[in-house]
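Engineer: One structure, pasted below without further comment.
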Amino acid sequence: METLNTTLLIIGGGPGGYVAGIRAGQLGVQTILVEGAQPGGTCLNIGCIPSKALIHAADEFCKARSYAAETSPLGITGSDPRIDLDRTVAWKDGIVKKLTGGVGALLKKNGVKLVNGWATILDGKTVEVTPEGSSEPTVRIRCEHMLLASGSVPVELPFMPFGGQVISSTEALSPDGVPERLVVVGAGYIGLELGTAYRKLGAQVTVVEAADRILPAYDADLVKPVASALARLGVELRLATSVLGMDDSDGQTRVRIRDASGVESLLDADRVLVAVGRKPATVGWGLENLMLDMDGRAIKVDNQCRTSMRNVWAIGDLAGEPMLAHRAMAQGEMVADIVSGKRRHFEPAAIPAVCFTDPEIVVVGMSPLDADKAGVEVITANFPFSANGRAMTIESTDGFVRVVARKSDHRIVGWQAVGGAVSELAAGFTQSIELGAQLEDIAGTIHAHPTLGEAVQEAALRALGHALHI
């Protein structure tokens, strides 16, 4: 068995792990990164990037079909459109390949050694790596610092395990065809993003959710435009409904459900997408040998991502909520800095979260309800996209931008938005909170016209009592 020695060993090449590797390499820290699949982790390979590619393809196909139906107010008509799903998936895979190849090149450029295989932890200083397809480890790595970045996996329902007609988001992103009937279990962001895409590709989609509304983690005002869009698309919602399991008694795939009144029924399905959340990937790689302090399913860390064992660090989904790629990246960069001798702490003023539904939702910082629970007296104001010229020109007038600011000094503590392409406003929202901006700062900043960003300025102006276009 080959033995390698390094200063920093990173287990997992997802957004947190590969960013930590690149930054450590830039700082001259000897680094080895172990990854079982392709660099980029869930996000680049089977998550964020491929899902947005599929969503975009579905949007374009849906538009083309509306033109063929002569329903476009733009005056555009066309012949009967078709989609070659094999080409769509190949296009999506091409994007993934380009990005993962880029990550590999950046690691190499910065002197990071990439070891392909599956790590098994022996102790806080040692791991063994088994290559894909092998039954025995071939490399032993000893390190001074160990960074755990294994990410997360989809939550599997015990009475509805993945396999056959029951799929996770991973399989949903590489379809071999569009099912006639798709049942989505879970109306969180993953279920609705993919459910909407499949509906636009032509599937009959039914979403089953135990809560009494979709996107239960988001406030009701943000969810309303999404619910309206789902209704227009013809997505069927079964809310306040529990999934009991599968019924294949007569050879037909069906999902057994129970509504709030206790009535049980069956839903016909060609595919069942289970999207009830994700959990830290803690099983199968010897993590238990470290006997770390845990926080539920996640590893407990401090504000430097240190675990309960000296020189063992944990970042990203493995360290709990919020499970966001950009959080993992920021944590990975910070850990690399600390290992190199710099002083850093992970104390962001806000972390943006984006739901890529139709329309999109952005949440940064405190909502009015969060402020109320925290006892913070705030000013809030909405500006609707129905009064924004750019939103009109791109046929996306549903939704609004909302600002939340402390009443005492007008310091902005939160932003929320729902509408077409509002994900592109997230950076500005986060930056304003990070820099401690006040309502007057945003209101007094000249925003380009015509852009969706004008709604940001108008929301701040409205909070101050003098919006211009409403």
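Letters A, B, ... go to the chains of the structure tokens in the order shown; residues in each chain start at 1; ligands are counted from 1 in the same order.
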Write down as a list in words the residues belonging to range 133-220 of chain A that are assigned alpha helix (DSSP H) by DSSP computed on the backbone.
Structural biologist: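 Written out, the alpha helix (DSSP H) residues of range 133-220 of chain A are Ser169, Thr170, Glu171, Ala172, Tyr189, Ile190, Gly191, Leu192, Glu193, Leu194, Gly195, Thr196, Ala197, Tyr198, Arg199, Lys200 and Ala220 of chain A.
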Engineer: Could you write out that same residue set with N, CA and C atoms as an mmCIF file, in the first residue's frame?
Structural biologist:
data_model
loop_
_atom_site.group_PDB
_atom_site.id
_atom_site.type_symbol
_atom_site.label_atom_id
_atom_site.label_comp_id
_atom_site.auth_asym_id
_atom_site.auth_seq_id
_atom_site.Cartn_x
_atom_site.Cartn_y
_atom_site.Cartn_z
ATOM 1 N N SER A 169 -33.783 12.810 -6.710
ATOM 2 C CA SER A 169 -33.439 13.898 -7.631
ATOM 3 C C SER A 169 -32.318 13.494 -8.581
ATOM 4 N N THR A 170 -31.432 12.597 -8.142
ATOM 5 C CA THR A 170 -30.322 12.156 -8.992
ATOM 6 C C THR A 170 -30.834 11.540 -10.281
ATOM 7 N N GLU A 171 -31.759 10.581 -10.172
ATOM 8 C CA GLU A 171 -32.314 9.930 -11.358
ATOM 9 C C GLU A 171 -33.193 10.886 -12.154
ATOM 10 N N ALA A 172 -33.871 11.785 -11.451
ATOM 11 C CA ALA A 172 -34.766 12.725 -12.137
ATOM 12 C C ALA A 172 -34.007 13.651 -13.070
ATOM 13 N N TYR A 189 -38.372 22.957 -2.050
ATOM 14 C CA TYR A 189 -37.816 23.558 -3.259
ATOM 15 C C TYR A 189 -37.375 22.511 -4.279
ATOM 16 N N ILE A 190 -36.825 21.368 -3.836
ATOM 17 C CA ILE A 190 -36.377 20.358 -4.798
ATOM 18 C C ILE A 190 -37.568 19.753 -5.523
ATOM 19 N N GLY A 191 -38.607 19.379 -4.785
ATOM 20 C CA GLY A 191 -39.786 18.782 -5.398
ATOM 21 C C GLY A 191 -40.479 19.705 -6.373
ATOM 22 N N LEU A 192 -40.593 20.987 -6.017
ATOM 23 C CA LEU A 192 -41.294 21.931 -6.900
ATOM 24 C C LEU A 192 -40.437 22.335 -8.097
ATOM 25 N N GLU A 193 -39.132 22.497 -7.905
ATOM 26 C CA GLU A 193 -38.276 22.816 -9.047
ATOM 27 C C GLU A 193 -38.364 21.720 -10.109
ATOM 28 N N LEU A 194 -38.195 20.472 -9.680
ATOM 29 C CA LEU A 194 -38.198 19.368 -10.644
ATOM 30 C C LEU A 194 -39.604 19.038 -11.117
ATOM 31 N N GLY A 195 -40.579 19.135 -10.227
ATOM 32 C CA GLY A 195 -41.960 18.891 -10.628
ATOM 33 C C GLY A 195 -42.419 19.869 -11.688
ATOM 34 N N THR A 196 -42.065 21.138 -11.526
ATOM 35 C CA THR A 196 -42.412 22.155 -12.520
ATOM 36 C C THR A 196 -41.732 21.869 -13.847
ATOM 37 N N ALA A 197 -40.448 21.487 -13.799
ATOM 38 C CA ALA A 197 -39.723 21.183 -15.035
ATOM 39 C C ALA A 197 -40.379 20.027 -15.784
ATOM 40 N N TYR A 198 -40.730 18.980 -15.070
ATOM 41 C CA TYR A 198 -41.354 17.823 -15.722
ATOM 42 C C TYR A 198 -42.733 18.172 -16.281
ATOM 43 N N ARG A 199 -43.460 19.027 -15.584
ATOM 44 C CA ARG A 199 -44.762 19.453 -16.122
ATOM 45 C C ARG A 199 -44.568 20.214 -17.428
ATOM 46 N N LYS A 200 -43.556 21.066 -17.480
ATOM 47 C CA LYS A 200 -43.293 21.832 -18.705
ATOM 48 C C LYS A 200 -42.803 20.929 -19.835
ATOM 49 N N ALA A 220 -45.932 32.977 3.503
ATOM 50 C CA ALA A 220 -47.082 32.782 2.614
ATOM 51 C C ALA A 220 -47.106 33.775 1.455
#
Engineer: From the list A:Gly124, A:Gly389, A:Gly151, A:Gly111, which residue is nearest Cys43 in chain A when using only C-alpha atoms?
Structural biologist: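 Among the listed residues, the smallest separation from Cys43 in chain A belongs to A:Gly151.
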Engineer: Taking a cut-off of 9 Å and counting only C-alpha atoms, can you build a table that, for each residue of range 143-190 of chain A near range 77-99 of chain A, reports the nearest atom pair and how far apart they are in Å (one decimal), sorted by chain then residue number, as a tab-separated table?
Structural biologist:
residue	atom	partner	partner_atom	distance
A:Leu173	CA	A:Val89	CA	8.2
A:Ser174	CA	A:Val89	CA	6.3
A:Pro175	CA	A:Val89	CA	7.6
A:Asp176	CA	A:Asp86	CA	7.1
A:Gly177	CA	A:Leu85	CA	6.6
A:Val178	CA	A:Leu85	CA	8.1
Engineer: Write the residues you've just listed into a file as a PDB file, in the first residue's frame, and include N, CA and C atoms for each of them.
Structural biologist:
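Okay, part_38.pdb is ready:
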ATOM      1  N   LEU A 173     -32.716  13.875 -12.787  1.00  0.00           N
ATOM      2  CA  LEU A 173     -31.926  14.799 -13.590  1.00  0.00           C
ATOM      3  C   LEU A 173     -31.285  14.141 -14.808  1.00  0.00           C
ATOM      4  N   SER A 174     -31.432  12.839 -14.942  1.00  0.00           N
ATOM      5  CA  SER A 174     -30.928  12.126 -16.123  1.00  0.00           C
ATOM      6  C   SER A 174     -32.018  11.207 -16.663  1.00  0.00           C
ATOM      7  N   PRO A 175     -33.150  11.772 -17.074  1.00  0.00           N
ATOM      8  CA  PRO A 175     -34.280  10.938 -17.499  1.00  0.00           C
ATOM      9  C   PRO A 175     -34.029  10.272 -18.849  1.00  0.00           C
ATOM     10  N   ASP A 176     -34.570   9.067 -18.994  1.00  0.00           N
ATOM     11  CA  ASP A 176     -34.527   8.403 -20.290  1.00  0.00           C
ATOM     12  C   ASP A 176     -35.822   8.639 -21.064  1.00  0.00           C
ATOM     13  N   GLY A 177     -36.699   9.411 -20.464  1.00  0.00           N
ATOM     14  CA  GLY A 177     -37.961   9.765 -21.098  1.00  0.00           C
ATOM     15  C   GLY A 177     -38.801  10.562 -20.119  1.00  0.00           C
ATOM     16  N   VAL A 178     -39.851  11.178 -20.628  1.00  0.00           N
ATOM     17  CA  VAL A 178     -40.759  11.940 -19.767  1.00  0.00           C
ATOM     18  C   VAL A 178     -41.922  11.025 -19.394  1.00  0.00           C
TER      19      VAL A 178
END
Engineer: Can you tell me which residues surround range 317-323 of chain A at a distance of at most 9 Å, considering only C-alpha atoms, apart from same-chain residues fewer than 3 positions away, and format the answer as a ChimeraX atom specification?
Structural biologist: /A:148-152,278-282,295-301,305,314,326-328,351,353
Engineer: Would you mind exporting the chosen residues as a PDB file, in the first residue's frame, restricted to N, CA and C atoms?
Structural biologist:
ATOM      1  N   LEU A 148     -13.383  17.456   6.782  1.00  0.00           N
ATOM      2  CA  LEU A 148     -14.474  16.578   6.389  1.00  0.00           C
ATOM      3  C   LEU A 148     -15.498  17.369   5.579  1.00  0.00           C
ATOM      4  N   ALA A 149     -15.716  16.938   4.346  1.00  0.00           N
ATOM      5  CA  ALA A 149     -16.627  17.664   3.451  1.00  0.00           C
ATOM      6  C   ALA A 149     -17.383  16.670   2.568  1.00  0.00           C
ATOM      7  N   SER A 150     -18.030  15.708   3.215  1.00  0.00           N
ATOM      8  CA  SER A 150     -18.676  14.613   2.476  1.00  0.00           C
ATOM      9  C   SER A 150     -20.047  14.963   1.924  1.00  0.00           C
ATOM     10  N   GLY A 151     -20.587  16.124   2.314  1.00  0.00           N
ATOM     11  CA  GLY A 151     -21.858  16.560   1.747  1.00  0.00           C
ATOM     12  C   GLY A 151     -23.065  15.874   2.352  1.00  0.00           C
ATOM     13  N   SER A 152     -24.088  15.662   1.513  1.00  0.00           N
ATOM     14  CA  SER A 152     -25.349  15.105   1.987  1.00  0.00           C
ATOM     15  C   SER A 152     -25.912  14.151   0.949  1.00  0.00           C
ATOM     16  N   ARG A 278     -32.751  16.353   2.472  1.00  0.00           N
ATOM     17  CA  ARG A 278     -31.433  15.730   2.418  1.00  0.00           C
ATOM     18  C   ARG A 278     -30.891  15.619   3.840  1.00  0.00           C
ATOM     19  N   LYS A 279     -29.931  14.725   4.023  1.00  0.00           N
ATOM     20  CA  LYS A 279     -29.316  14.533   5.334  1.00  0.00           C
ATOM     21  C   LYS A 279     -27.808  14.416   5.168  1.00  0.00           C
ATOM     22  N   PRO A 280     -27.041  14.812   6.188  1.00  0.00           N
ATOM     23  CA  PRO A 280     -25.579  14.718   6.094  1.00  0.00           C
ATOM     24  C   PRO A 280     -25.131  13.298   5.781  1.00  0.00           C
ATOM     25  N   ALA A 281     -24.114  13.174   4.931  1.00  0.00           N
ATOM     26  CA  ALA A 281     -23.571  11.864   4.554  1.00  0.00           C
ATOM     27  C   ALA A 281     -22.562  11.427   5.605  1.00  0.00           C
ATOM     28  N   THR A 282     -23.030  10.727   6.619  1.00  0.00           N
ATOM     29  CA  THR A 282     -22.179  10.357   7.757  1.00  0.00           C
ATOM     30  C   THR A 282     -21.895   8.861   7.842  1.00  0.00           C
ATOM     31  N   ASP A 295     -24.539  17.216  16.310  1.00  0.00           N
ATOM     32  CA  ASP A 295     -25.693  18.091  16.492  1.00  0.00           C
ATOM     33  C   ASP A 295     -26.823  17.486  15.663  1.00  0.00           C
ATOM     34  N   GLY A 296     -27.541  16.536  16.268  1.00  0.00           N
ATOM     35  CA  GLY A 296     -28.509  15.767  15.499  1.00  0.00           C
ATOM     36  C   GLY A 296     -27.775  14.870  14.523  1.00  0.00           C
ATOM     37  N   ARG A 297     -28.153  14.936  13.241  1.00  0.00           N
ATOM     38  CA  ARG A 297     -27.477  14.135  12.219  1.00  0.00           C
ATOM     39  C   ARG A 297     -26.167  14.768  11.759  1.00  0.00           C
ATOM     40  N   ALA A 298     -25.968  16.034  12.077  1.00  0.00           N
ATOM     41  CA  ALA A 298     -24.802  16.780  11.590  1.00  0.00           C
ATOM     42  C   ALA A 298     -23.668  16.765  12.612  1.00  0.00           C
ATOM     43  N   ILE A 299     -22.453  17.059  12.121  1.00  0.00           N
ATOM     44  CA  ILE A 299     -21.309  17.208  13.014  1.00  0.00           C
ATOM     45  C   ILE A 299     -21.354  18.588  13.656  1.00  0.00           C
ATOM     46  N   LYS A 300     -21.151  18.626  14.950  1.00  0.00           N
ATOM     47  CA  LYS A 300     -21.155  19.891  15.674  1.00  0.00           C
ATOM     48  C   LYS A 300     -19.842  20.625  15.444  1.00  0.00           C
ATOM     49  N   VAL A 301     -19.929  21.900  15.019  1.00  0.00           N
ATOM     50  CA  VAL A 301     -18.736  22.708  14.778  1.00  0.00           C
ATOM     51  C   VAL A 301     -18.893  24.066  15.443  1.00  0.00           C
ATOM     52  N   CYS A 305     -15.497  26.261  12.185  1.00  0.00           N
ATOM     53  CA  CYS A 305     -15.727  24.925  11.618  1.00  0.00           C
ATOM     54  C   CYS A 305     -14.833  23.863  12.240  1.00  0.00           C
ATOM     55  N   ALA A 314     -15.041  20.365   9.862  1.00  0.00           N
ATOM     56  CA  ALA A 314     -16.187  19.892   9.068  1.00  0.00           C
ATOM     57  C   ALA A 314     -16.899  21.099   8.474  1.00  0.00           C
ATOM     58  N   HIS A 326     -23.023  27.612  -1.561  1.00  0.00           N
ATOM     59  CA  HIS A 326     -22.226  28.821  -1.342  1.00  0.00           C
ATOM     60  C   HIS A 326     -21.801  28.961   0.123  1.00  0.00           C
ATOM     61  N   ARG A 327     -22.582  28.418   1.050  1.00  0.00           N
ATOM     62  CA  ARG A 327     -22.138  28.384   2.453  1.00  0.00           C
ATOM     63  C   ARG A 327     -20.926  27.485   2.581  1.00  0.00           C
ATOM     64  N   ALA A 328     -20.983  26.306   1.951  1.00  0.00           N
ATOM     65  CA  ALA A 328     -19.859  25.375   2.009  1.00  0.00           C
ATOM     66  C   ALA A 328     -18.599  25.996   1.422  1.00  0.00           C
ATOM     67  N   ILE A 351     -26.853  34.854   4.755  1.00  0.00           N
ATOM     68  CA  ILE A 351     -26.569  33.881   3.704  1.00  0.00           C
ATOM     69  C   ILE A 351     -27.798  33.804   2.809  1.00  0.00           C
ATOM     70  N   ALA A 353     -30.607  32.505   0.189  1.00  0.00           N
ATOM     71  CA  ALA A 353     -31.187  31.228  -0.231  1.00  0.00           C
ATOM     72  C   ALA A 353     -32.101  31.495  -1.415  1.00  0.00           C
TER      73      ALA A 353
END
Engineer: With distances taken over only C-alpha atoms, which of A:Thr130, A:Asn382, A:Ser261, A:Gln416 is nearest to Val223 in chain A?
Structural biologist: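 When distances to Val223 in chain A are compared using only C-alpha atoms, the smallest one comes from A:Gln416.
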